[in-house]
$ cat start19.cif   # mmCIF, C-alpha atoms, pLDDT in the B column; chains and numbers go by the auth columns
data_target
#
loop_
_atom_site.group_PDB
_atom_site.id
_atom_site.type_symbol
_atom_site.label_atom_id
_atom_site.label_comp_id
_atom_site.label_asym_id
_atom_site.label_seq_id
_atom_site.Cartn_x
_atom_site.Cartn_y
_atom_site.Cartn_z
_atom_site.B_iso_or_equiv
_atom_site.auth_seq_id
_atom_site.auth_asym_id
ATOM 1 C CA MET A 1 -0.641 -110.918 52.466 36.00 6 A
ATOM 2 C CA ALA A 2 -0.814 -107.533 54.180 35.00 7 A
ATOM 3 C CA ARG A 3 -2.771 -106.234 51.187 36.00 8 A
ATOM 4 C CA HIS A 4 -5.392 -108.955 51.619 30.00 9 A
ATOM 5 C CA ALA A 5 -5.651 -108.243 55.346 30.00 10 A
ATOM 6 C CA LEU A 6 -6.106 -104.528 54.634 31.00 11 A
ATOM 7 C CA LEU A 7 -8.798 -105.247 52.041 31.00 12 A
ATOM 8 C CA LEU A 8 -10.589 -107.607 54.431 31.00 13 A
ATOM 9 C CA ALA A 9 -10.427 -104.995 57.206 32.00 14 A
ATOM 10 C CA PHE A 10 -11.918 -102.416 54.822 33.00 15 A
ATOM 11 C CA VAL A 11 -14.792 -104.714 53.822 32.00 16 A
ATOM 12 C CA VAL A 12 -15.563 -105.638 57.443 34.00 17 A
ATOM 13 C CA ALA A 13 -15.422 -101.966 58.501 35.00 18 A
ATOM 14 C CA LYS A 14 -17.794 -101.064 55.680 37.00 19 A
ATOM 15 C CA LEU A 15 -20.255 -103.761 56.765 37.00 20 A
ATOM 16 C CA PHE A 16 -20.188 -102.558 60.374 38.00 21 A
ATOM 17 C CA ALA A 17 -20.639 -98.958 59.218 38.00 22 A
ATOM 18 C CA GLN A 18 -23.810 -100.073 57.452 40.00 23 A
ATOM 19 C CA GLY A 19 -25.042 -101.608 60.684 44.00 24 A
ATOM 20 C CA LEU A 20 -25.101 -105.219 59.513 46.00 25 A
ATOM 21 C CA PRO A 21 -24.733 -107.876 62.163 53.00 26 A
ATOM 22 C CA SER A 22 -21.480 -109.781 62.040 56.00 27 A
ATOM 23 C CA VAL A 23 -21.744 -112.588 59.509 63.00 28 A
ATOM 24 C CA LYS A 24 -18.028 -113.151 59.316 58.00 29 A
ATOM 25 C CA GLY A 25 -18.344 -116.808 58.443 51.00 30 A
ATOM 26 C CA ASN A 26 -19.012 -119.865 60.565 52.00 31 A
ATOM 27 C CA ASP A 27 -21.721 -117.790 62.189 84.00 32 A
ATOM 28 C CA VAL A 28 -24.731 -119.744 63.332 88.00 33 A
ATOM 29 C CA TRP A 29 -28.049 -117.967 63.871 91.00 34 A
ATOM 30 C CA VAL A 30 -31.236 -119.472 65.292 92.00 35 A
ATOM 31 C CA THR A 31 -34.920 -118.590 65.516 93.00 36 A
ATOM 32 C CA LYS A 32 -35.378 -115.975 68.225 91.00 37 A
ATOM 33 C CA SER A 33 -38.765 -117.087 69.545 91.00 38 A
ATOM 34 C CA ILE A 34 -38.523 -120.821 70.113 93.00 39 A
ATOM 35 C CA LYS A 35 -41.413 -122.370 72.058 95.00 40 A
ATOM 36 C CA TRP A 36 -39.516 -124.617 74.449 94.00 41 A
ATOM 37 C CA ALA A 37 -41.271 -127.702 75.854 96.00 42 A
ATOM 38 C CA ARG A 38 -39.833 -129.318 78.957 96.00 43 A
ATOM 39 C CA ALA A 39 -39.107 -133.020 79.035 94.00 44 A
ATOM 40 C CA PRO A 40 -40.820 -135.038 81.773 94.00 45 A
ATOM 41 C CA ARG A 41 -39.036 -134.504 85.093 94.00 46 A
ATOM 42 C CA ASP A 42 -38.422 -138.227 85.595 96.00 47 A
ATOM 43 C CA TYR A 43 -36.730 -138.398 82.158 93.00 48 A
ATOM 44 C CA ASN A 44 -34.524 -135.283 82.367 93.00 49 A
ATOM 45 C CA PRO A 45 -35.532 -132.285 84.478 94.00 50 A
ATOM 46 C CA ASN A 46 -33.025 -130.032 82.653 93.00 51 A
ATOM 47 C CA LEU A 47 -34.011 -130.883 79.063 93.00 52 A
ATOM 48 C CA SER A 48 -36.204 -128.692 76.846 94.00 53 A
ATOM 49 C CA SER A 49 -36.838 -128.965 73.131 94.00 54 A
ATOM 50 C CA GLY A 50 -38.373 -126.760 70.467 96.00 55 A
ATOM 51 C CA SER A 51 -38.817 -126.375 66.718 96.00 56 A
ATOM 52 C CA ALA A 52 -36.387 -123.925 65.164 95.00 57 A
ATOM 53 C CA THR A 53 -34.676 -122.806 62.012 95.00 58 A
ATOM 54 C CA VAL A 54 -30.886 -122.604 62.002 93.00 59 A
ATOM 55 C CA LEU A 55 -29.019 -120.328 59.577 93.00 60 A
ATOM 56 C CA TYR A 56 -25.346 -121.011 58.881 91.00 61 A
ATOM 57 C CA PHE A 57 -23.033 -118.578 57.045 90.00 62 A
ATOM 58 C CA ARG A 58 -19.699 -120.164 56.054 87.00 63 A
ATOM 59 C CA PRO A 59 -16.656 -117.981 55.424 85.00 64 A
ATOM 60 C CA ASP A 60 -16.375 -119.308 51.850 87.00 65 A
ATOM 61 C CA GLY A 61 -19.752 -117.749 50.961 91.00 66 A
ATOM 62 C CA ARG A 62 -21.841 -120.888 51.351 91.00 67 A
ATOM 63 C CA PHE A 63 -25.153 -120.700 53.159 93.00 68 A
ATOM 64 C CA GLY A 64 -27.037 -123.425 55.004 93.00 69 A
ATOM 65 C CA MET A 65 -30.490 -123.449 56.547 95.00 70 A
ATOM 66 C CA MET A 66 -32.117 -126.227 58.527 94.00 71 A
ATOM 67 C CA HIS A 67 -35.617 -126.583 59.920 94.00 72 A
ATOM 68 C CA CYS A 68 -35.211 -128.903 62.892 94.00 73 A
ATOM 69 C CA ARG A 69 -35.863 -129.533 66.543 94.00 74 A
ATOM 70 C CA LEU A 70 -33.291 -128.303 69.070 92.00 75 A
ATOM 71 C CA ASN A 71 -32.588 -129.819 72.465 91.00 76 A
ATOM 72 C CA ARG A 72 -31.493 -127.418 75.201 89.00 77 A
ATOM 73 C CA GLY A 73 -29.866 -128.164 78.517 87.00 78 A
ATOM 74 C CA PRO A 74 -28.056 -126.051 81.087 85.00 79 A
ATOM 75 C CA ASN A 75 -24.789 -126.045 79.122 81.00 80 A
ATOM 76 C CA TYR A 76 -25.701 -127.170 75.634 82.00 81 A
ATOM 77 C CA LEU A 77 -27.877 -126.586 72.598 85.00 82 A
ATOM 78 C CA VAL A 78 -27.897 -129.379 70.002 86.00 83 A
ATOM 79 C CA VAL A 79 -29.878 -130.487 66.974 88.00 84 A
ATOM 80 C CA SER A 80 -32.136 -133.422 67.833 88.00 85 A
ATOM 81 C CA TYR A 81 -31.139 -136.379 65.686 83.00 86 A
ATOM 82 C CA GLY A 82 -34.352 -138.243 66.503 84.00 87 A
ATOM 83 C CA ASP A 83 -36.629 -135.670 64.868 91.00 88 A
ATOM 84 C CA GLY A 84 -37.116 -134.586 61.264 90.00 89 A
ATOM 85 C CA GLN A 85 -34.839 -132.127 59.523 92.00 90 A
ATOM 86 C CA VAL A 86 -35.190 -130.217 56.265 93.00 91 A
ATOM 87 C CA VAL A 87 -31.870 -128.945 54.903 93.00 92 A
ATOM 88 C CA PHE A 88 -31.284 -126.151 52.396 95.00 93 A
ATOM 89 C CA GLU A 89 -27.923 -125.171 50.881 94.00 94 A
ATOM 90 C CA GLY A 90 -26.778 -122.259 48.785 95.00 95 A
ATOM 91 C CA THR A 91 -24.619 -119.163 48.831 95.00 96 A
ATOM 92 C CA TRP A 92 -24.574 -115.802 50.595 94.00 97 A
ATOM 93 C CA LYS A 93 -23.106 -112.429 49.747 94.00 98 A
ATOM 94 C CA ALA A 94 -23.118 -109.225 51.784 92.00 99 A
ATOM 95 C CA GLN A 95 -24.805 -106.279 50.075 91.00 100 A
ATOM 96 C CA ARG A 96 -25.517 -102.717 51.090 89.00 101 A
ATOM 97 C CA THR A 97 -29.104 -103.521 52.003 87.00 102 A
ATOM 98 C CA GLY A 98 -28.521 -106.861 53.740 92.00 103 A
ATOM 99 C CA ILE A 99 -27.279 -110.337 52.928 94.00 104 A
ATOM 100 C CA ALA A 100 -28.362 -111.837 49.616 96.00 105 A
ATOM 101 C CA VAL A 101 -28.925 -115.601 49.804 96.00 106 A
ATOM 102 C CA ARG A 102 -29.607 -118.143 47.046 97.00 107 A
ATOM 103 C CA TYR A 103 -30.541 -121.621 48.191 97.00 108 A
ATOM 104 C CA ARG A 104 -32.471 -124.791 47.466 95.00 109 A
ATOM 105 C CA ARG A 105 -33.862 -127.678 49.488 94.00 110 A
ATOM 106 C CA VAL A 106 -31.392 -130.557 49.297 93.00 111 A
ATOM 107 C CA THR A 107 -32.755 -133.139 51.698 90.00 112 A
ATOM 108 C CA ALA A 108 -35.539 -133.942 54.134 91.00 113 A
ATOM 109 C CA SER A 109 -35.360 -136.727 56.689 89.00 114 A
ATOM 110 C CA VAL A 110 -39.111 -137.365 56.472 87.00 115 A
ATOM 111 C CA SER A 111 -40.530 -138.275 53.060 83.00 116 A
ATOM 112 C CA ARG A 112 -43.609 -136.589 51.671 79.00 117 A
ATOM 113 C CA VAL A 113 -46.362 -138.139 49.593 82.00 118 A
ATOM 114 C CA PRO A 114 -46.009 -137.657 46.701 84.00 119 A
ATOM 115 C CA PRO A 115 -42.193 -137.726 46.976 82.00 120 A
ATOM 116 C CA GLU A 116 -40.271 -134.490 46.499 85.00 121 A
ATOM 117 C CA GLN A 117 -37.603 -134.011 43.870 87.00 122 A
ATOM 118 C CA PHE A 118 -34.166 -133.058 45.204 88.00 123 A
ATOM 119 C CA PRO A 119 -32.620 -130.652 44.824 91.00 124 A
ATOM 120 C CA GLY A 120 -35.642 -128.378 44.942 92.00 125 A
ATOM 121 C CA PRO A 121 -36.031 -125.175 42.935 94.00 126 A
ATOM 122 C CA GLU A 122 -33.609 -122.357 43.642 96.00 127 A
ATOM 123 C CA GLU A 123 -34.926 -119.549 45.819 96.00 128 A
ATOM 124 C CA THR A 124 -33.482 -116.100 46.444 97.00 129 A
ATOM 125 C CA ALA A 125 -34.032 -113.794 49.392 97.00 130 A
ATOM 126 C CA LEU A 126 -32.555 -110.853 51.221 96.00 131 A
ATOM 127 C CA VAL A 127 -31.666 -111.307 54.885 95.00 132 A
ATOM 128 C CA ILE A 128 -32.319 -107.942 56.548 94.00 133 A
ATOM 129 C CA ASN A 129 -30.492 -106.363 59.465 86.00 134 A
ATOM 130 C CA ALA A 130 -32.734 -105.705 62.465 86.00 135 A
ATOM 131 C CA PRO A 131 -32.051 -103.811 65.694 86.00 136 A
ATOM 132 C CA MET A 132 -30.322 -105.532 68.619 85.00 137 A
ATOM 133 C CA ASN A 133 -27.972 -107.705 66.490 85.00 138 A
ATOM 134 C CA GLU A 134 -30.815 -109.637 64.867 89.00 139 A
ATOM 135 C CA LEU A 135 -31.532 -110.799 61.334 92.00 140 A
ATOM 136 C CA ARG A 136 -34.929 -110.932 59.619 95.00 141 A
ATOM 137 C CA PHE A 137 -35.479 -113.625 57.044 95.00 142 A
ATOM 138 C CA ALA A 138 -38.557 -115.445 55.690 91.00 143 A
ATOM 139 C CA LYS A 139 -40.997 -113.985 58.250 91.00 144 A
ATOM 140 C CA GLY A 140 -38.653 -114.927 61.113 94.00 145 A
ATOM 141 C CA THR A 141 -36.246 -113.138 63.422 94.00 146 A
ATOM 142 C CA PHE A 142 -32.876 -114.745 64.128 93.00 147 A
ATOM 143 C CA VAL A 143 -30.254 -114.186 66.809 89.00 148 A
ATOM 144 C CA PRO A 144 -26.625 -115.324 66.906 88.00 149 A
ATOM 145 C CA VAL A 145 -26.173 -118.532 68.835 85.00 150 A
ATOM 146 C CA GLY A 146 -22.787 -117.576 70.232 74.00 151 A
ATOM 147 C CA ASP A 147 -21.122 -120.441 72.062 60.00 152 A
ATOM 148 C CA ARG A 148 -24.314 -122.479 72.587 59.00 153 A
ATOM 149 C CA LEU A 149 -24.415 -124.272 69.198 62.00 154 A
ATOM 150 C CA HIS A 150 -21.108 -124.627 67.405 60.00 155 A
ATOM 151 C CA ALA A 151 -20.673 -124.499 63.655 59.00 156 A
ATOM 152 C CA THR A 152 -18.579 -127.679 63.903 59.00 157 A
ATOM 153 C CA GLU A 153 -21.754 -129.490 64.987 62.00 158 A
ATOM 154 C CA LEU A 154 -23.444 -128.455 61.737 61.00 159 A
ATOM 155 C CA ASP A 155 -20.634 -128.928 59.232 54.00 160 A
ATOM 156 C CA PRO A 156 -20.292 -131.382 57.587 49.00 161 A
ATOM 157 C CA GLU A 157 -22.883 -133.573 59.340 56.00 162 A
ATOM 158 C CA PHE A 158 -25.953 -131.742 58.078 62.00 163 A
ATOM 159 C CA PHE A 159 -24.667 -129.567 55.267 65.00 164 A
ATOM 160 C CA LYS A 160 -22.795 -131.445 52.533 63.00 165 A
ATOM 161 C CA PHE A 161 -21.944 -128.292 50.543 60.00 166 A
ATOM 162 C CA GLN A 162 -21.223 -129.870 47.188 54.00 167 A
ATOM 163 C CA GLU A 163 -19.584 -127.696 44.569 48.00 168 A
ATOM 164 C CA PRO A 164 -22.124 -125.459 42.782 47.00 169 A
ATOM 165 C CA GLY A 165 -23.448 -127.121 39.640 48.00 170 A
ATOM 166 C CA SER A 166 -22.393 -130.625 40.788 49.00 171 A
ATOM 167 C CA ARG A 167 -25.953 -131.763 41.524 46.00 172 A
#
$ encode --input "start19.cif" --output "structure tokens"
Amino acid sequence: MARHALLLAFVVAKLFAQGLPSVKGNDVWVTKSIKWARAPRDYNPNLSSGSATVLYFRPDGRFGMMHCRLNRGPNYLVVSYGDGQVVFEGTWKAQRTGIAVRYRRVTASVSRVPPEQFPGPEETALVINAPMNELRFAKGTFVPVGDRLHATELDPEFFKFQEPGSR
């Protein structure tokens, strides 16, 4: 047990030495530049919503990504259930140059014409460390959500995380 803890400490120290943001598992990252639109004052003066992409790094090496709409209030940030979502699942692995991700589209709440085949083709990418504890991925910049959007709100509701090869 102590050996595993020492090995884990070494790996984490190595990642920090390389300047990678903390992706220690259960970390949720969200689009940095969300264009927030305020709800009508008579409906809810404290509510704003905006389109975003959420990245989710599980401690077991599984990766989730969701294009969705977020609702923001004074003390909360939640995924809007009433709007469309596109969900991707895959795996992640820390590397010297960033975080390697492999993923595929697994579901979309709005159907396309012609219909899409699920799961979609596998894609690979490298998530790059950026200054100020940010990640760069797929032409976007992401910041950690912290305590505003909890991983428990995303798992397992949105991400089913079936065993690899079970699809």
$ resolve_selection --input "start19.cif" --expression "the PyMOL selection byres ((chain A and resi 38) around 10)" --output "PyMOL selection string"
chain A and resi 35-37+39-41+55-57+145-148
$ atom_distance --input "start19.cif" --atom1 "CA of Glu128 in chain A" --atom2 "CA of Phe142 in chain A"
12.7 Å
$ resolve_selection --input "start19.cif" --expression "the PyMOL selection byres ((chain A and resi 93-106) around 6)" --output "list of chain:residue names"
A:Gly66, A:Arg67, A:Phe68, A:Gly69, A:Met70, A:Val92, A:Arg107, A:Tyr108, A:Arg109, A:Arg110, A:Val111, A:Thr129, A:Ala130, A:Leu131, A:Val132, A:Ile133
$ write_last_selection --input "start19.cif" --atoms "C-alpha atoms" --output "PDB file, in the frame of the given file"
ATOM      1  CA  GLY A  66     -19.752-117.749  50.961  1.00 91.00           C
ATOM      2  CA  ARG A  67     -21.841-120.888  51.351  1.00 91.00           C
ATOM      3  CA  PHE A  68     -25.153-120.700  53.159  1.00 93.00           C
ATOM      4  CA  GLY A  69     -27.037-123.425  55.004  1.00 93.00           C
ATOM      5  CA  MET A  70     -30.490-123.449  56.547  1.00 95.00           C
ATOM      6  CA  VAL A  92     -31.870-128.945  54.903  1.00 93.00           C
ATOM      7  CA  ARG A 107     -29.607-118.143  47.046  1.00 97.00           C
ATOM      8  CA  TYR A 108     -30.541-121.621  48.191  1.00 97.00           C
ATOM      9  CA  ARG A 109     -32.471-124.791  47.466  1.00 95.00           C
ATOM     10  CA  ARG A 110     -33.862-127.678  49.488  1.00 94.00           C
ATOM     11  CA  VAL A 111     -31.392-130.557  49.297  1.00 93.00           C
ATOM     12  CA  THR A 129     -33.482-116.100  46.444  1.00 97.00           C
ATOM     13  CA  ALA A 130     -34.032-113.794  49.392  1.00 97.00           C
ATOM     14  CA  LEU A 131     -32.555-110.853  51.221  1.00 96.00           C
ATOM     15  CA  VAL A 132     -31.666-111.307  54.885  1.00 95.00           C
ATOM     16  CA  ILE A 133     -32.319-107.942  56.548  1.00 94.00           C
TER      17      ILE A 133
END
$ resolve_selection --input "start19.cif" --expression "the PyMOL selection byres ((chain A and resi 42) around 12)" --output "list of chain:residue names"
A:Ile39, A:Lys40, A:Trp41, A:Arg43, A:Ala44, A:Pro45, A:Arg46, A:Pro50, A:Asn51, A:Leu52, A:Ser53, A:Ser54, A:Gly55, A:Ser56, A:Arg74, A:Leu75, A:Asn76, A:Arg77, A:Gly78
$ atom_distance --input "start19.cif" --atom1 "CA of Val150 in chain A" --atom2 "CA of Asp32 in chain A"
8.0 Å
$ atom_distance --input "start19.cif" --atom1 "CA of Gln90 in chain A" --atom2 "CA of Arg117 in chain A"
12.6 Å
$ decode --input "start19.cif" --residues "range 28-61 of chain A" --atoms "N, CA and C atoms" --output "short mmCIF file (atom, residue, chain, number, x, y, z; two decimals), in the first residue's frame"
data_model
loop_
_atom_site.label_atom_id
_atom_site.label_comp_id
_atom_site.auth_asym_id
_atom_site.auth_seq_id
_atom_site.Cartn_x
_atom_site.Cartn_y
_atom_site.Cartn_z
N VAL A 28 -5.12 17.15 -13.35
CA VAL A 28 -6.21 16.33 -13.87
C VAL A 28 -6.12 15.04 -13.09
N LYS A 29 -6.41 15.16 -11.80
CA LYS A 29 -6.21 14.04 -10.89
C LYS A 29 -7.39 13.09 -10.87
N GLY A 30 -8.33 13.29 -11.73
CA GLY A 30 -9.51 12.44 -11.77
C GLY A 30 -10.69 13.17 -11.16
N ASN A 31 -11.86 12.90 -11.68
CA ASN A 31 -13.08 13.59 -11.28
C ASN A 31 -12.98 15.08 -11.50
N ASP A 32 -11.99 15.51 -12.29
CA ASP A 32 -11.88 16.93 -12.59
C ASP A 32 -12.80 17.29 -13.73
N VAL A 33 -13.52 18.37 -13.55
CA VAL A 33 -14.44 18.86 -14.55
C VAL A 33 -13.92 20.21 -15.03
N TRP A 34 -13.80 20.35 -16.34
CA TRP A 34 -13.32 21.58 -16.97
C TRP A 34 -14.41 22.08 -17.91
N VAL A 35 -14.48 23.39 -18.09
CA VAL A 35 -15.55 23.96 -18.92
C VAL A 35 -14.96 25.06 -19.81
N THR A 36 -15.64 25.30 -20.92
CA THR A 36 -15.24 26.36 -21.84
C THR A 36 -14.99 27.65 -21.07
N LYS A 37 -13.87 28.29 -21.36
CA LYS A 37 -13.52 29.52 -20.65
C LYS A 37 -14.42 30.69 -21.04
N SER A 38 -14.64 30.88 -22.32
CA SER A 38 -15.37 32.04 -22.80
C SER A 38 -16.80 31.67 -23.18
N ILE A 39 -17.65 31.58 -22.19
CA ILE A 39 -19.06 31.27 -22.43
C ILE A 39 -19.80 32.60 -22.60
N LYS A 40 -20.62 32.70 -23.64
CA LYS A 40 -21.43 33.90 -23.84
C LYS A 40 -22.74 33.71 -23.07
N TRP A 41 -22.81 34.31 -21.91
CA TRP A 41 -23.97 34.14 -21.04
C TRP A 41 -25.10 35.05 -21.47
N ALA A 42 -26.31 34.50 -21.55
CA ALA A 42 -27.51 35.28 -21.85
C ALA A 42 -28.39 35.27 -20.61
N ARG A 43 -28.85 36.41 -20.22
CA ARG A 43 -29.69 36.51 -19.01
C ARG A 43 -31.13 36.12 -19.33
N ALA A 44 -31.73 35.43 -18.39
CA ALA A 44 -33.16 35.10 -18.50
C ALA A 44 -33.97 36.39 -18.29
N PRO A 45 -35.20 36.42 -18.79
CA PRO A 45 -36.03 37.60 -18.52
C PRO A 45 -36.16 37.83 -17.00
N ARG A 46 -36.12 39.09 -16.62
CA ARG A 46 -36.17 39.45 -15.19
C ARG A 46 -37.41 38.89 -14.49
N ASP A 47 -38.56 38.91 -15.18
CA ASP A 47 -39.78 38.43 -14.54
C ASP A 47 -39.77 36.90 -14.40
N TYR A 48 -38.92 36.20 -15.15
CA TYR A 48 -38.81 34.75 -15.01
C TYR A 48 -37.85 34.39 -13.88
N ASN A 49 -36.61 34.88 -13.98
CA ASN A 49 -35.61 34.65 -12.93
C ASN A 49 -34.48 35.66 -13.14
N PRO A 50 -34.43 36.69 -12.31
CA PRO A 50 -33.43 37.74 -12.51
C PRO A 50 -31.99 37.27 -12.27
N ASN A 51 -31.81 36.11 -11.63
CA ASN A 51 -30.47 35.62 -11.33
C ASN A 51 -29.98 34.54 -12.28
N LEU A 52 -30.81 34.14 -13.26
CA LEU A 52 -30.46 33.04 -14.14
C LEU A 52 -29.82 33.53 -15.44
N SER A 53 -28.71 32.88 -15.81
CA SER A 53 -28.06 33.09 -17.11
C SER A 53 -27.81 31.72 -17.71
N SER A 54 -27.74 31.66 -19.03
CA SER A 54 -27.42 30.39 -19.68
C SER A 54 -26.50 30.65 -20.86
N GLY A 55 -25.73 29.61 -21.22
CA GLY A 55 -24.81 29.74 -22.33
C GLY A 55 -24.37 28.38 -22.85
N SER A 56 -24.01 28.34 -24.13
CA SER A 56 -23.51 27.11 -24.74
C SER A 56 -22.08 26.88 -24.28
N ALA A 57 -21.76 25.62 -23.98
CA ALA A 57 -20.44 25.30 -23.46
C ALA A 57 -20.06 23.87 -23.83
N THR A 58 -18.80 23.58 -23.64
CA THR A 58 -18.31 22.21 -23.71
C THR A 58 -17.73 21.87 -22.35
N VAL A 59 -18.10 20.71 -21.84
CA VAL A 59 -17.62 20.24 -20.54
C VAL A 59 -16.68 19.06 -20.78
N LEU A 60 -15.51 19.10 -20.17
CA LEU A 60 -14.56 17.99 -20.21
C LEU A 60 -14.53 17.35 -18.84
N TYR A 61 -14.50 16.02 -18.81
CA TYR A 61 -14.55 15.28 -17.55
C TYR A 61 -13.48 14.20 -17.57
#
